[in-house]
$ cat my_file23.cif   # mmCIF, C-alpha atoms and all ligand atoms
data_final
loop_
_atom_site.label_atom_id
_atom_site.label_comp_id
_atom_site.auth_asym_id
_atom_site.auth_seq_id
_atom_site.Cartn_x
_atom_site.Cartn_y
_atom_site.Cartn_z
CA MET M 1 139.97 92.78 138.66
CA LYS M 2 143.50 93.28 137.25
CA ILE M 3 144.17 96.99 136.92
CA ASP M 4 146.79 96.36 134.17
CA VAL M 5 144.11 95.17 131.78
CA TYR M 6 142.63 97.79 129.46
CA MET M 7 138.92 97.95 130.16
CA PRO M 8 136.71 98.85 127.17
CA ARG M 9 136.56 102.56 126.38
CA GLU M 10 135.28 104.71 123.49
CA ASP M 11 137.87 103.29 121.08
CA SER M 12 136.91 99.72 122.01
CA HIS M 13 133.20 100.41 121.44
CA LEU M 14 133.77 102.20 118.15
CA LEU M 15 135.78 99.25 116.87
CA GLN M 16 133.32 96.74 118.30
CA LYS M 17 130.54 98.14 116.06
CA GLU M 18 132.61 97.30 112.98
CA VAL M 19 133.56 93.89 114.35
CA LEU M 20 129.83 93.18 114.43
CA ASN M 21 129.56 94.32 110.79
CA PHE M 22 132.60 92.65 109.28
CA ALA M 23 133.99 89.77 111.34
CA LYS M 24 133.77 86.42 109.54
CA GLY M 25 135.46 83.03 109.28
CA SER M 26 138.67 82.64 111.18
CA VAL M 27 139.40 85.69 113.34
CA LEU M 28 142.52 87.03 115.04
CA ASP M 29 142.04 89.59 117.81
CA MET M 30 145.43 91.21 118.34
CA GLY M 31 145.95 92.97 121.69
CA THR M 32 142.77 91.45 123.06
CA GLY M 33 143.02 93.18 126.48
CA SER M 34 139.69 92.58 128.22
CA GLY M 35 138.68 90.34 125.30
CA ILE M 36 135.86 92.60 124.14
CA GLN M 37 136.56 92.22 120.40
CA ALA M 38 137.25 88.48 120.62
CA GLU M 39 133.98 87.85 122.47
CA THR M 40 132.03 90.08 120.08
CA ALA M 41 133.43 88.21 117.08
CA ALA M 42 132.77 84.83 118.72
CA SER M 43 129.11 85.81 119.19
CA LEU M 44 128.65 85.95 115.42
CA LYS M 45 127.29 82.93 113.58
CA ASN M 46 129.61 83.28 110.60
CA VAL M 47 132.70 83.38 112.80
CA LYS M 48 134.20 79.89 113.11
CA LYS M 49 137.04 80.47 115.53
CA VAL M 50 138.88 83.28 117.25
CA LEU M 51 142.50 83.52 118.30
CA ALA M 52 142.88 86.18 121.01
CA VAL M 53 146.46 87.43 121.39
CA ASP M 54 148.06 89.75 123.91
CA LYS M 55 151.61 90.28 125.05
CA SER M 56 150.47 91.09 128.55
CA GLN M 57 150.21 88.16 130.97
CA ALA M 58 147.61 90.13 132.96
CA ALA M 59 145.34 90.31 129.90
CA ILE M 60 145.80 86.59 129.18
CA ASP M 61 144.97 85.65 132.80
CA PHE M 62 141.99 88.00 132.84
CA CYS M 63 140.56 86.51 129.63
CA ARG M 64 141.23 82.92 130.69
CA ASP M 65 139.02 83.44 133.72
CA LYS M 66 136.36 85.16 131.68
CA PHE M 67 136.04 83.57 128.23
CA LYS M 68 133.09 81.22 127.98
CA ALA M 69 132.91 80.79 124.22
CA ARG M 70 134.59 77.57 123.11
CA LYS M 71 135.41 79.20 119.81
CA ILE M 72 138.12 81.35 121.42
CA ARG M 73 141.73 80.34 121.95
CA LEU M 74 144.24 82.49 123.87
CA LEU M 75 147.87 83.10 123.03
CA LYS M 76 150.51 85.20 124.72
CA SER M 77 152.58 86.78 121.98
CA ASP M 78 154.30 90.00 121.03
CA LEU M 79 152.26 90.76 117.90
CA PHE M 80 152.63 87.86 115.42
CA SER M 81 155.86 86.43 116.86
CA LYS M 82 154.21 83.32 118.38
CA VAL M 83 151.29 83.02 115.95
CA SER M 84 151.76 79.94 113.74
CA LYS M 85 151.69 80.47 109.97
CA GLN M 86 148.04 80.61 108.93
CA LYS M 87 145.60 82.91 107.15
CA PHE M 88 142.81 84.73 108.94
CA ASP M 89 139.66 86.13 107.32
CA THR M 90 139.45 88.92 109.89
CA ILE M 91 142.21 90.53 111.92
CA ILE M 92 141.23 93.04 114.58
CA PHE M 93 143.58 95.38 116.40
CA ASN M 94 142.91 98.18 118.84
CA PRO M 95 146.59 98.96 119.26
CA PRO M 96 148.42 101.11 121.73
CA TYR M 97 148.31 104.24 119.59
CA LEU M 98 149.36 107.26 121.64
CA PRO M 99 152.81 108.89 121.68
CA GLU M 100 154.46 107.94 124.97
CA ASP M 101 154.33 111.52 126.35
CA LYS M 102 150.53 111.61 126.00
CA VAL M 103 149.85 108.23 127.57
CA LYS M 104 147.58 107.78 130.55
CA HIS M 105 147.32 103.98 130.38
CA PRO M 106 150.22 101.58 129.61
CA ALA M 107 148.05 99.68 127.13
CA LEU M 108 147.92 102.83 124.99
CA ASP M 109 151.67 103.49 124.78
CA GLY M 110 152.36 103.14 121.07
CA GLY M 111 156.02 104.18 121.27
CA LYS M 112 157.78 107.51 120.95
CA LYS M 113 155.67 108.70 118.04
CA GLY M 114 152.58 106.67 118.79
CA TYR M 115 152.44 104.60 115.61
CA GLU M 116 155.39 102.27 116.18
CA VAL M 117 153.41 99.21 117.36
CA LEU M 118 150.82 99.75 114.65
CA GLU M 119 153.62 100.01 112.09
CA ARG M 120 155.16 96.72 113.20
CA PHE M 121 151.69 95.15 113.02
CA LEU M 122 150.97 96.53 109.53
CA ASP M 123 154.38 95.43 108.25
CA SER M 124 153.50 91.79 109.02
CA VAL M 125 149.72 91.60 108.84
CA ASN M 126 149.65 90.76 105.15
CA GLU M 127 151.35 87.38 105.73
CA PHE M 128 148.52 86.36 108.05
CA LEU M 129 145.63 87.74 106.03
CA ALA M 130 143.58 85.63 103.61
CA PRO M 131 143.41 87.08 100.06
CA ASN M 132 139.95 88.55 100.66
CA GLY M 133 140.38 89.08 104.36
CA VAL M 134 139.80 92.33 106.25
CA VAL M 135 141.76 94.09 108.96
CA LEU M 136 139.90 96.35 111.38
CA ILE M 137 141.87 98.90 113.37
CA VAL M 138 141.20 101.95 115.47
CA PHE M 139 143.63 104.78 116.14
CA SER M 140 143.66 108.45 117.06
CA SER M 141 144.37 111.84 115.52
CA LEU M 142 147.32 111.90 117.95
CA THR M 143 148.80 108.84 116.22
CA ASN M 144 149.69 110.80 113.02
CA LYS M 145 147.07 109.77 110.49
CA ASP M 146 149.21 110.67 107.47
CA LYS M 147 151.93 108.37 108.67
CA VAL M 148 149.44 105.53 109.26
CA ASP M 149 148.07 106.06 105.72
CA GLU M 150 151.60 105.96 104.35
CA ILE M 151 152.45 102.74 106.20
CA ILE M 152 149.27 101.15 104.83
CA ARG M 153 150.14 102.18 101.25
CA ASN M 154 153.72 101.07 101.65
CA ASN M 155 152.55 97.59 102.52
CA MET M 156 150.41 97.44 99.35
CA LEU M 157 147.26 97.57 101.44
CA GLU M 158 144.21 99.80 101.02
CA SER M 159 142.12 101.42 103.72
CA GLU M 160 138.61 102.71 104.06
CA LEU M 161 137.50 105.00 106.88
CA LEU M 162 134.48 103.25 108.39
CA ASN M 163 133.82 105.61 111.25
CA SER M 164 135.30 108.50 113.18
CA ALA M 165 134.34 110.27 116.38
CA HIS M 166 135.52 113.14 118.55
CA PHE M 167 136.33 112.51 122.19
CA PHE M 168 137.65 115.46 124.17
CA PHE M 169 141.17 116.07 122.90
CA GLU M 170 141.30 113.64 120.00
CA GLU M 171 139.48 112.14 117.06
CA LEU M 172 139.26 108.38 116.70
CA PHE M 173 139.32 106.63 113.34
CA VAL M 174 138.19 103.11 112.51
CA TYR M 175 139.71 101.66 109.34
CA LYS M 176 138.89 98.64 107.29
CA ILE M 177 142.04 97.50 105.50
CA VAL M 178 142.24 95.02 102.63
CA LYS M 179 144.92 93.79 100.27
CA SER M 180 145.30 95.95 97.19
CA ASP M 181 144.72 94.41 93.77
CA PHE M 182 148.48 94.68 93.20
CA LEU M 183 149.20 92.64 96.27
CA LYS M 184 146.64 89.97 95.37
CA GLU M 185 148.05 89.74 91.87
CA PHE M 186 151.63 89.38 93.11
CA GLU M 187 150.63 86.77 95.67
CA LYS M 188 148.90 84.79 92.92
CA LYS M 189 152.16 84.92 90.99
CA LYS M 190 153.84 83.40 94.05
CA ILE M 191 155.84 86.50 94.85
CA ASP M 192 156.27 86.69 98.57
CA ASP M 193 157.85 88.73 101.33
CA ILE M 194 156.77 91.95 99.61
CA HIS M 195 158.03 95.07 101.33
CA PHE M 196 158.28 98.74 100.61
CA PHE M 197 161.74 99.75 99.41
CA ALA M 198 161.73 103.34 98.16
CA ALA M 199 159.46 106.00 96.75
CA GLY M 200 160.39 108.34 93.94
CA LYS M 201 158.37 111.04 92.21
CA ARG M 202 156.88 108.68 89.65
CA GLY M 203 157.14 105.23 91.14
CA ILE M 204 157.08 103.28 94.36
CA VAL M 205 159.48 100.36 94.51
CA PHE M 206 158.81 97.23 96.55
CA THR M 207 161.05 94.23 96.98
CA GLY M 208 159.89 90.65 97.03
CA PHE M 209 161.07 87.13 96.34
CA PHE M 210 160.20 85.10 93.30
CA ARG M 211 161.59 81.56 93.10
CA LYS M 212 163.99 82.53 95.89
CA LYS M 213 165.40 85.38 93.84
CA LYS M 214 165.11 88.94 95.12
CA ILE M 215 163.18 91.17 92.77
CA ALA M 216 162.19 94.82 92.63
CA ILE M 217 158.62 95.72 91.77
CA LYS M 218 158.13 99.23 90.51
CA THR M 219 154.57 100.48 90.63
CA LYS M 220 153.16 103.78 89.49
CA HIS M 221 153.06 106.35 92.27
CA PRO M 222 149.38 107.04 93.03
CA LYS M 223 150.12 110.78 93.03
CA THR M 224 152.07 110.99 89.78
CA LYS M 225 150.68 112.77 86.77
CA ALA M 226 153.32 111.21 84.52
CA GLN M 227 151.62 109.03 81.96
CA HIS M 228 153.08 105.80 80.61
CA SER M 229 156.23 105.96 82.72
CA ILE M 230 156.05 102.23 83.51
CA GLU M 231 155.38 101.22 79.90
CA ASN M 232 158.26 103.43 78.81
CA GLU M 233 160.67 101.88 81.28
CA VAL M 234 159.64 98.37 80.20
CA LYS M 235 160.34 99.25 76.58
CA MET M 236 163.71 100.80 77.44
CA LEU M 237 164.86 97.97 79.71
CA LYS M 238 164.04 95.31 77.15
CA LYS M 239 166.10 97.18 74.60
CA LEU M 240 168.98 98.14 76.90
CA ASN M 241 169.36 94.72 78.54
CA LYS M 242 170.58 93.50 75.14
CA HIS M 243 173.46 95.93 75.61
CA LYS M 244 174.02 94.87 79.24
CA ILE M 245 172.62 98.14 80.54
CA GLY M 246 170.04 98.50 83.31
CA PRO M 247 168.63 95.98 85.78
CA THR M 248 167.48 92.68 84.28
CA PHE M 249 163.85 92.86 83.21
CA VAL M 250 161.66 90.05 84.63
CA ALA M 251 157.99 90.81 83.95
CA LYS M 252 155.43 93.54 83.48
CA GLY M 253 151.77 94.06 84.21
CA ARG M 254 149.23 96.82 84.26
CA ASN M 255 150.97 99.71 86.01
CA TYR M 256 153.92 97.70 87.28
CA LEU M 257 157.27 96.39 86.21
CA ILE M 258 159.46 93.73 87.78
CA TYR M 259 163.23 93.51 87.47
CA GLU M 260 165.98 91.67 89.32
CA PHE M 261 166.87 93.50 92.47
CA VAL M 262 170.18 95.33 92.21
CA PRO M 263 172.18 95.07 95.42
CA GLY M 264 174.90 97.58 96.15
CA GLU M 265 175.27 101.22 97.02
CA TYR M 266 174.02 104.38 95.41
CA ILE M 267 176.85 106.36 93.81
CA LYS M 268 176.12 109.25 96.19
CA ASP M 269 176.98 107.11 99.24
CA TRP M 270 179.79 105.21 97.57
CA LEU M 271 181.74 108.09 96.05
CA PRO M 272 182.78 110.08 99.14
CA LYS M 273 184.46 107.06 100.78
CA THR M 274 186.12 105.38 97.81
CA LYS M 275 189.74 105.45 96.71
CA LYS M 276 191.13 106.68 93.40
CA SER M 277 191.67 103.37 91.59
CA GLU M 278 188.09 102.20 92.24
CA ILE M 279 186.58 105.55 91.29
CA ALA M 280 188.51 105.51 88.02
CA GLY M 281 187.16 102.03 87.14
CA VAL M 282 183.57 102.94 87.94
CA PHE M 283 183.64 106.27 86.11
CA ALA M 284 185.10 104.56 83.05
CA ALA M 285 182.35 101.90 83.17
CA VAL M 286 179.62 104.52 83.53
CA LEU M 287 181.00 106.62 80.71
CA LYS M 288 181.11 103.55 78.44
CA GLN M 289 177.45 102.81 79.20
CA CYS M 290 176.59 106.46 78.57
CA PHE M 291 178.39 106.18 75.25
CA VAL M 292 176.29 103.14 74.27
CA LEU M 293 173.17 105.12 75.14
CA ASP M 294 174.40 108.05 73.05
CA LYS M 295 174.98 105.73 70.12
CA LEU M 296 171.49 104.27 70.51
CA LYS M 297 170.18 107.87 70.44
CA ILE M 298 168.58 107.41 73.84
CA ASN M 299 168.73 110.12 76.45
CA LYS M 300 168.46 108.71 79.97
CA GLU M 301 168.03 112.15 81.57
CA GLU M 302 169.52 113.37 84.83
CA MET M 303 172.96 111.87 84.24
CA HIS M 304 174.46 115.09 85.59
CA HIS M 305 172.78 114.27 88.88
CA PRO M 306 172.71 110.45 89.03
CA LEU M 307 172.97 110.24 92.81
CA LYS M 308 170.46 107.42 93.24
CA HIS M 309 170.44 106.29 89.63
CA ILE M 310 173.72 104.40 89.56
CA ILE M 311 174.26 101.41 91.83
CA ILE M 312 177.74 100.16 92.53
CA ASP M 313 178.37 96.54 93.38
CA LYS M 314 180.33 93.87 91.48
CA ASN M 315 178.63 95.42 88.48
CA ILE M 316 177.81 99.03 87.82
CA ILE M 317 174.12 99.26 87.08
CA MET M 318 172.14 102.30 86.04
CA ILE M 319 168.54 102.23 87.19
CA ASP M 320 165.40 104.31 86.58
CA PHE M 321 164.76 104.56 82.87
CA GLU M 322 161.21 105.87 83.08
CA ARG M 323 162.16 109.20 81.55
CA ALA M 324 164.55 107.79 78.96
CA HIS M 325 163.58 108.73 75.43
CA LYS M 326 164.79 108.74 71.86
CA THR M 327 166.45 111.93 70.68
CA LYS M 328 168.68 113.14 67.87
CA SER M 329 171.20 114.63 70.29
CA PRO M 330 171.58 112.50 73.43
CA LYS M 331 173.56 114.01 76.29
CA ASN M 332 174.48 111.07 78.51
CA VAL M 333 178.27 111.31 78.23
CA THR M 334 178.34 115.11 78.48
CA GLN M 335 175.93 115.09 81.43
CA PHE M 336 178.03 112.54 83.30
CA LEU M 337 181.10 114.68 82.57
CA GLN M 338 179.18 117.53 84.16
CA PHE M 339 178.68 115.32 87.24
CA ILE M 340 182.43 114.62 87.32
CA ARG M 341 183.05 118.36 87.04
CA THR M 342 180.76 119.06 89.99
CA ASN M 343 182.83 116.59 92.00
CA ALA M 344 186.21 117.88 90.82
CA GLY M 345 187.16 119.03 94.32
CA LEU M 346 186.54 115.61 95.85
CA LEU M 347 188.36 113.90 92.98
CA ASN M 348 191.41 116.11 93.42
CA ARG M 349 191.50 115.25 97.11
CA ARG M 350 191.51 111.58 96.04
CA GLY M 351 194.57 112.17 93.86
CA PHE M 352 193.07 112.93 90.47
CA ASN M 353 194.89 115.74 88.77
CA ILE M 354 192.11 117.26 86.74
CA SER M 355 190.59 120.73 86.68
CA LYS M 356 187.03 121.83 85.98
CA GLU M 357 188.27 123.69 82.89
CA LYS M 358 189.92 120.57 81.54
CA ILE M 359 186.71 118.52 81.99
CA LEU M 360 184.76 121.22 80.18
CA GLU M 361 187.26 121.12 77.34
CA ILE M 362 186.97 117.29 77.12
CA SER M 363 183.19 117.62 77.03
CA GLN M 364 183.27 120.20 74.23
CA ASN M 365 185.63 118.00 72.30
CA TYR M 366 183.35 114.97 72.72
CA LYS M 367 180.42 116.98 71.37
CA LYS M 368 182.39 117.39 68.14
CA ASN M 369 184.15 114.05 67.68
CA HIS M 370 182.02 111.58 69.74
CA LYS M 371 185.09 109.57 70.72
CA ILE M 372 184.79 107.86 74.09
CA ASP M 373 188.40 106.57 74.06
CA PHE M 374 189.56 110.15 73.88
CA VAL M 375 187.39 111.09 76.86
CA LEU M 376 188.71 108.22 78.98
CA LYS M 377 192.31 108.91 78.06
CA GLU M 378 192.09 112.64 78.74
CA LEU M 379 190.46 112.00 82.12
CA GLY M 380 193.18 109.50 82.98
CA LEU M 381 190.70 106.65 83.49
C1 LIG T 1 144.16 99.69 123.71
S1 LIG T 1 144.25 98.08 124.35
C2 LIG T 1 142.93 97.29 123.48
C3 LIG T 1 142.25 96.18 124.25
C4 LIG T 1 141.01 95.63 123.57
N1 LIG T 1 141.30 94.95 122.35
C5 LIG T 1 139.97 96.70 123.33
O1 LIG T 1 139.59 96.92 122.18
O2 LIG T 1 139.53 97.31 124.31
C6 LIG T 1 145.72 97.46 123.59
C7 LIG T 1 146.08 96.03 123.95
O3 LIG T 1 147.17 95.63 123.13
C8 LIG T 1 148.09 94.92 123.92
N2 LIG T 1 149.40 95.03 123.27
C9 LIG T 1 150.23 96.11 123.27
N3 LIG T 1 151.34 95.85 122.55
C10 LIG T 1 151.21 94.59 122.10
C11 LIG T 1 152.04 93.75 121.35
N4 LIG T 1 153.23 94.17 120.90
N5 LIG T 1 151.61 92.50 121.06
C12 LIG T 1 150.41 92.07 121.53
N6 LIG T 1 149.59 92.82 122.28
C13 LIG T 1 149.98 94.06 122.55
C14 LIG T 1 148.04 95.54 125.27
O4 LIG T 1 148.50 94.68 126.27
C15 LIG T 1 146.54 95.84 125.39
O5 LIG T 1 145.86 94.77 125.96
#
$ encode --input "my_file23.cif" --output "structure tokens" --more "lines below"
Ligand SMILES: C[S@@+](CC[C@H](N)C(=O)[O-])C[C@H]1O[C@@H](n2cnc3c(N)ncnc32)[C@H](O)[C@@H]1O
Amino acid sequence: MKIDVYMPREDSHLLQKEVLNFAKGSVLDMGTGSGIQAETAASLKNVKKVLAVDKSQAAIDFCRDKFKARKIRLLKSDLFSKVSKQKFDTIIFNPPYLPEDKVKHPALDGGKKGYEVLERFLDSVNEFLAPNGVVLIVFSSLTNKDKVDEIIRNNMLESELLNSAHFFFEELFVYKIVKSDFLKEFEKKKIDDIHFFAAGKRGIVFTGFFRKKKIAIKTKHPKTKAQHSIENEVKMLKKLNKHKIGPTFVAKGRNYLIYEFVPGEYIKDWLPKTKKSEIAGVFAAVLKQCFVLDKLKINKEEMHHPLKHIIIDKNIIMIDFERAHKTKSPKNVTQFLQFIRTNAGLLNRRGFNISKEKILEISQNYKKNHKIDFVLKELGL
């Protein structure tokens, strides 16, 4: 017997029970090891074929000698790297899930934090999963359950805890994972390569490709209490796009919004390393957009702190309009002036000759006369 091969233990048996309950159709057993899950799946009538994958040659050799079922095929591969493009109805993975300092068997070394291999698996599994397919995994309380849950959510997947059990120093969890309704809907719309991009307080943004164009999909954050933020942003973008403000709106659905992805850098990363002439051009462009918003009587909110709300590329695009609202006294220009004031020190180091007092004076003046040309001239932009 090859000692490098992981012989079935508590985790294997806990997962095996659910393989018996859920495996169907075309099955992939990732990290097959001794082949226990692959053979269990193959024993089921409603399983047509099984692909057993492992990156370890020892496991492949061990299974080749052992597998009797003609339904099972073996493949040596690091996760999905050698698996040809196809959809499976069931994907099983008992991954290496322990942080490297707690590992007693090499087949359980999940990386520094324990969830790295599982994360790589979950980041790709969707491409190989049929629309109504299921993924069955087992992992431990030492893997960082919150992080695993987050990775699942970030891939637009949903999990259900099927079973858990205590063994000495750890608790084991068996999850059934399926595609979320969002994901199924987007796949039907032929949006592919969907990946988590960023999470804010109210929304989670994913990127994807639609007709070869990169898009951003903003979905409602499951934890937000904010009502109608998506609907509001849709309404605002449709209106503001006519004035060349905001990312280009593409489509909307229940609890999501799609717009063209905006490449470039957040103003917070761009500003500290940029020279005077470029800063002047960008600030002038932002102030002009703020002025249009003021004239439309729309307050974007948070323009005094737009660190991740302005993206600089060939174009200067403001993003995140979920809190934008109609008001009699919008404050976009004055708030952005406040942002410039906060950065007065940095601007002076870049060669601007402008004091905080002067910016305050310009702001007070704007409140009275609403003249953007005056603001730009006084700032030397
Ligand atoms: C904990 S064992 C599970 C074995 C078996 N499936 C079971 O349930 O007992 C993890 C298995 O995953 C394999 N493995 C680890 N990293 C892998 C990777 N990146 N790609 C494919 N297999 C991997 C290991 O070689 C090992 O056989």
$ residues_around --input "my_file23.cif" --residues "Thr248 (chain M)" --least-positions-apart "2" --cutoff "10 Å" --atoms "only C-alpha atoms" --output "PyMOL selection string"
chain M and resi 215+237-238+240-242+244-246+250-251+258-262+317
$ closest_residue --input "my_file23.cif" --among "M:Phe121, M:Phe67, M:Phe88, M:Phe22" --to "ligand LIG 1 (chain T)" --atoms "all atoms listed in the file"
M:Phe121
$ atom_distance --input "my_file23.cif" --atom1 "CA of Leu129 (chain M)" --atom2 "CA of Gln86 (chain M)"
8.1 Å
$ residues_around --input "my_file23.cif" --residues "region 140-147 of chain M" --least-positions-apart "6" --cutoff "12 Å" --atoms "all atoms listed in the file" --output "tab-separated table (two decimals) with C-alpha atoms, keeping the file's coordinate frame"
chain	number	residue	atom	x	y	z
M	10	GLU	CA	135.28	104.71	123.49
M	11	ASP	CA	137.87	103.29	121.08
M	14	LEU	CA	133.77	102.20	118.15
M	94	ASN	CA	142.91	98.18	118.84
M	95	PRO	CA	146.59	98.96	119.26
M	96	PRO	CA	148.42	101.11	121.73
M	97	TYR	CA	148.31	104.24	119.59
M	98	LEU	CA	149.36	107.26	121.64
M	99	PRO	CA	152.81	108.89	121.68
M	100	GLU	CA	154.46	107.94	124.97
M	101	ASP	CA	154.33	111.52	126.35
M	102	LYS	CA	150.53	111.61	126.00
M	103	VAL	CA	149.85	108.23	127.57
M	108	LEU	CA	147.92	102.83	124.99
M	109	ASP	CA	151.67	103.49	124.78
M	110	GLY	CA	152.36	103.14	121.07
M	111	GLY	CA	156.02	104.18	121.27
M	112	LYS	CA	157.78	107.51	120.95
M	113	LYS	CA	155.67	108.70	118.04
M	114	GLY	CA	152.58	106.67	118.79
M	115	TYR	CA	152.44	104.60	115.61
M	116	GLU	CA	155.39	102.27	116.18
M	117	VAL	CA	153.41	99.21	117.36
M	118	LEU	CA	150.82	99.75	114.65
M	119	GLU	CA	153.62	100.01	112.09
M	122	LEU	CA	150.97	96.53	109.53
M	153	ARG	CA	150.14	102.18	101.25
M	154	ASN	CA	153.72	101.07	101.65
M	159	SER	CA	142.12	101.42	103.72
M	161	LEU	CA	137.50	105.00	106.88
M	163	ASN	CA	133.82	105.61	111.25
M	164	SER	CA	135.30	108.50	113.18
M	165	ALA	CA	134.34	110.27	116.38
M	166	HIS	CA	135.52	113.14	118.55
M	167	PHE	CA	136.33	112.51	122.19
M	168	PHE	CA	137.65	115.46	124.17
M	169	PHE	CA	141.17	116.07	122.90
M	170	GLU	CA	141.30	113.64	120.00
M	171	GLU	CA	139.48	112.14	117.06
M	172	LEU	CA	139.26	108.38	116.70
M	173	PHE	CA	139.32	106.63	113.34
M	174	VAL	CA	138.19	103.11	112.51
M	175	TYR	CA	139.71	101.66	109.34
$ atom_distance --input "my_file23.cif" --atom1 "CA of Asn126 (chain M)" --atom2 "atom O2 of ligand LIG 1 (chain T)"
22.6 Å
$ closest_atom_pairs --input "my_file23.cif" --of "region 162-281 of chain M" --to "region 344-347 of chain M" --cutoff "9 Å" --atoms "only C-alpha atoms" --output "JSON lines"
{"residue": "M:Leu271", "atom": "CA", "partner": "M:Leu346", "partner_atom": "CA", "distance": 8.9}
{"residue": "M:Pro272", "atom": "CA", "partner": "M:Leu346", "partner_atom": "CA", "distance": 7.5}
{"residue": "M:Lys276", "atom": "CA", "partner": "M:Leu347", "partner_atom": "CA", "distance": 7.7}
{"residue": "M:Ile279", "atom": "CA", "partner": "M:Leu347", "partner_atom": "CA", "distance": 8.7}
$ atom_distance --input "my_file23.cif" --atom1 "CA of Glu357 (chain M)" --atom2 "CA of Arg341 (chain M)"
8.5 Å
$ decode --input "my_file23.cif" --residues "region 252-257 of chain M" --atoms "all heavy atoms" --output "PDB file, in the first residue's frame"
ATOM      1  N   LYS M 252     -30.980  45.802 -16.145  1.00  0.00           N
ATOM      2  CA  LYS M 252     -31.348  45.666 -14.726  1.00  0.00           C
ATOM      3  C   LYS M 252     -32.209  44.421 -14.552  1.00  0.00           C
ATOM      4  O   LYS M 252     -32.753  43.884 -15.525  1.00  0.00           O
ATOM      5  CB  LYS M 252     -32.125  46.889 -14.266  1.00  0.00           C
ATOM      6  CG  LYS M 252     -33.462  47.014 -14.965  1.00  0.00           C
ATOM      7  CD  LYS M 252     -34.322  48.074 -14.362  1.00  0.00           C
ATOM      8  CE  LYS M 252     -35.585  48.204 -15.187  1.00  0.00           C
ATOM      9  NZ  LYS M 252     -36.766  48.455 -14.480  1.00  0.00           N
ATOM     10  N   GLY M 253     -32.313  43.974 -13.318  1.00  0.00           N
ATOM     11  CA  GLY M 253     -33.174  42.845 -13.010  1.00  0.00           C
ATOM     12  C   GLY M 253     -33.595  42.986 -11.567  1.00  0.00           C
ATOM     13  O   GLY M 253     -33.293  44.001 -10.928  1.00  0.00           O
ATOM     14  N   ARG M 254     -34.243  41.945 -11.049  1.00  0.00           N
ATOM     15  CA  ARG M 254     -34.665  42.028  -9.666  1.00  0.00           C
ATOM     16  C   ARG M 254     -33.420  41.991  -8.768  1.00  0.00           C
ATOM     17  O   ARG M 254     -32.662  41.023  -8.804  1.00  0.00           O
ATOM     18  CB  ARG M 254     -35.582  40.849  -9.341  1.00  0.00           C
ATOM     19  CG  ARG M 254     -36.645  41.203  -8.311  1.00  0.00           C
ATOM     20  CD  ARG M 254     -37.758  40.188  -8.356  1.00  0.00           C
ATOM     21  NE  ARG M 254     -37.286  38.851  -8.024  1.00  0.00           N
ATOM     22  CZ  ARG M 254     -37.130  38.412  -6.783  1.00  0.00           C
ATOM     23  NH1 ARG M 254     -37.433  39.170  -5.769  1.00  0.00           N
ATOM     24  NH2 ARG M 254     -36.702  37.199  -6.561  1.00  0.00           N
ATOM     25  N   ASN M 255     -33.197  43.070  -8.058  1.00  0.00           N
ATOM     26  CA  ASN M 255     -32.057  43.160  -7.140  1.00  0.00           C
ATOM     27  C   ASN M 255     -30.675  43.160  -7.789  1.00  0.00           C
ATOM     28  O   ASN M 255     -29.683  42.805  -7.138  1.00  0.00           O
ATOM     29  CB  ASN M 255     -32.103  42.034  -6.095  1.00  0.00           C
ATOM     30  CG  ASN M 255     -33.131  42.331  -5.036  1.00  0.00           C
ATOM     31  OD1 ASN M 255     -33.500  43.482  -4.848  1.00  0.00           O
ATOM     32  ND2 ASN M 255     -33.587  41.302  -4.360  1.00  0.00           N
ATOM     33  N   TYR M 256     -30.596  43.494  -9.061  1.00  0.00           N
ATOM     34  CA  TYR M 256     -29.267  43.691  -9.643  1.00  0.00           C
ATOM     35  C   TYR M 256     -29.306  44.721 -10.762  1.00  0.00           C
ATOM     36  O   TYR M 256     -30.363  45.044 -11.305  1.00  0.00           O
ATOM     37  CB  TYR M 256     -28.662  42.376 -10.146  1.00  0.00           C
ATOM     38  CG  TYR M 256     -29.305  41.810 -11.387  1.00  0.00           C
ATOM     39  CD1 TYR M 256     -28.907  42.235 -12.651  1.00  0.00           C
ATOM     40  CD2 TYR M 256     -30.298  40.851 -11.309  1.00  0.00           C
ATOM     41  CE1 TYR M 256     -29.489  41.717 -13.789  1.00  0.00           C
ATOM     42  CE2 TYR M 256     -30.885  40.327 -12.438  1.00  0.00           C
ATOM     43  CZ  TYR M 256     -30.466  40.767 -13.681  1.00  0.00           C
ATOM     44  OH  TYR M 256     -31.046  40.260 -14.803  1.00  0.00           O
ATOM     45  N   LEU M 257     -28.114  45.193 -11.067  1.00  0.00           N
ATOM     46  CA  LEU M 257     -27.942  46.227 -12.077  1.00  0.00           C
ATOM     47  C   LEU M 257     -26.644  45.933 -12.814  1.00  0.00           C
ATOM     48  O   LEU M 257     -25.668  45.515 -12.196  1.00  0.00           O
ATOM     49  CB  LEU M 257     -27.872  47.571 -11.333  1.00  0.00           C
ATOM     50  CG  LEU M 257     -26.931  48.666 -11.769  1.00  0.00           C
ATOM     51  CD1 LEU M 257     -27.508  49.344 -12.996  1.00  0.00           C
ATOM     52  CD2 LEU M 257     -26.805  49.691 -10.651  1.00  0.00           C
TER      53      LEU M 257
END
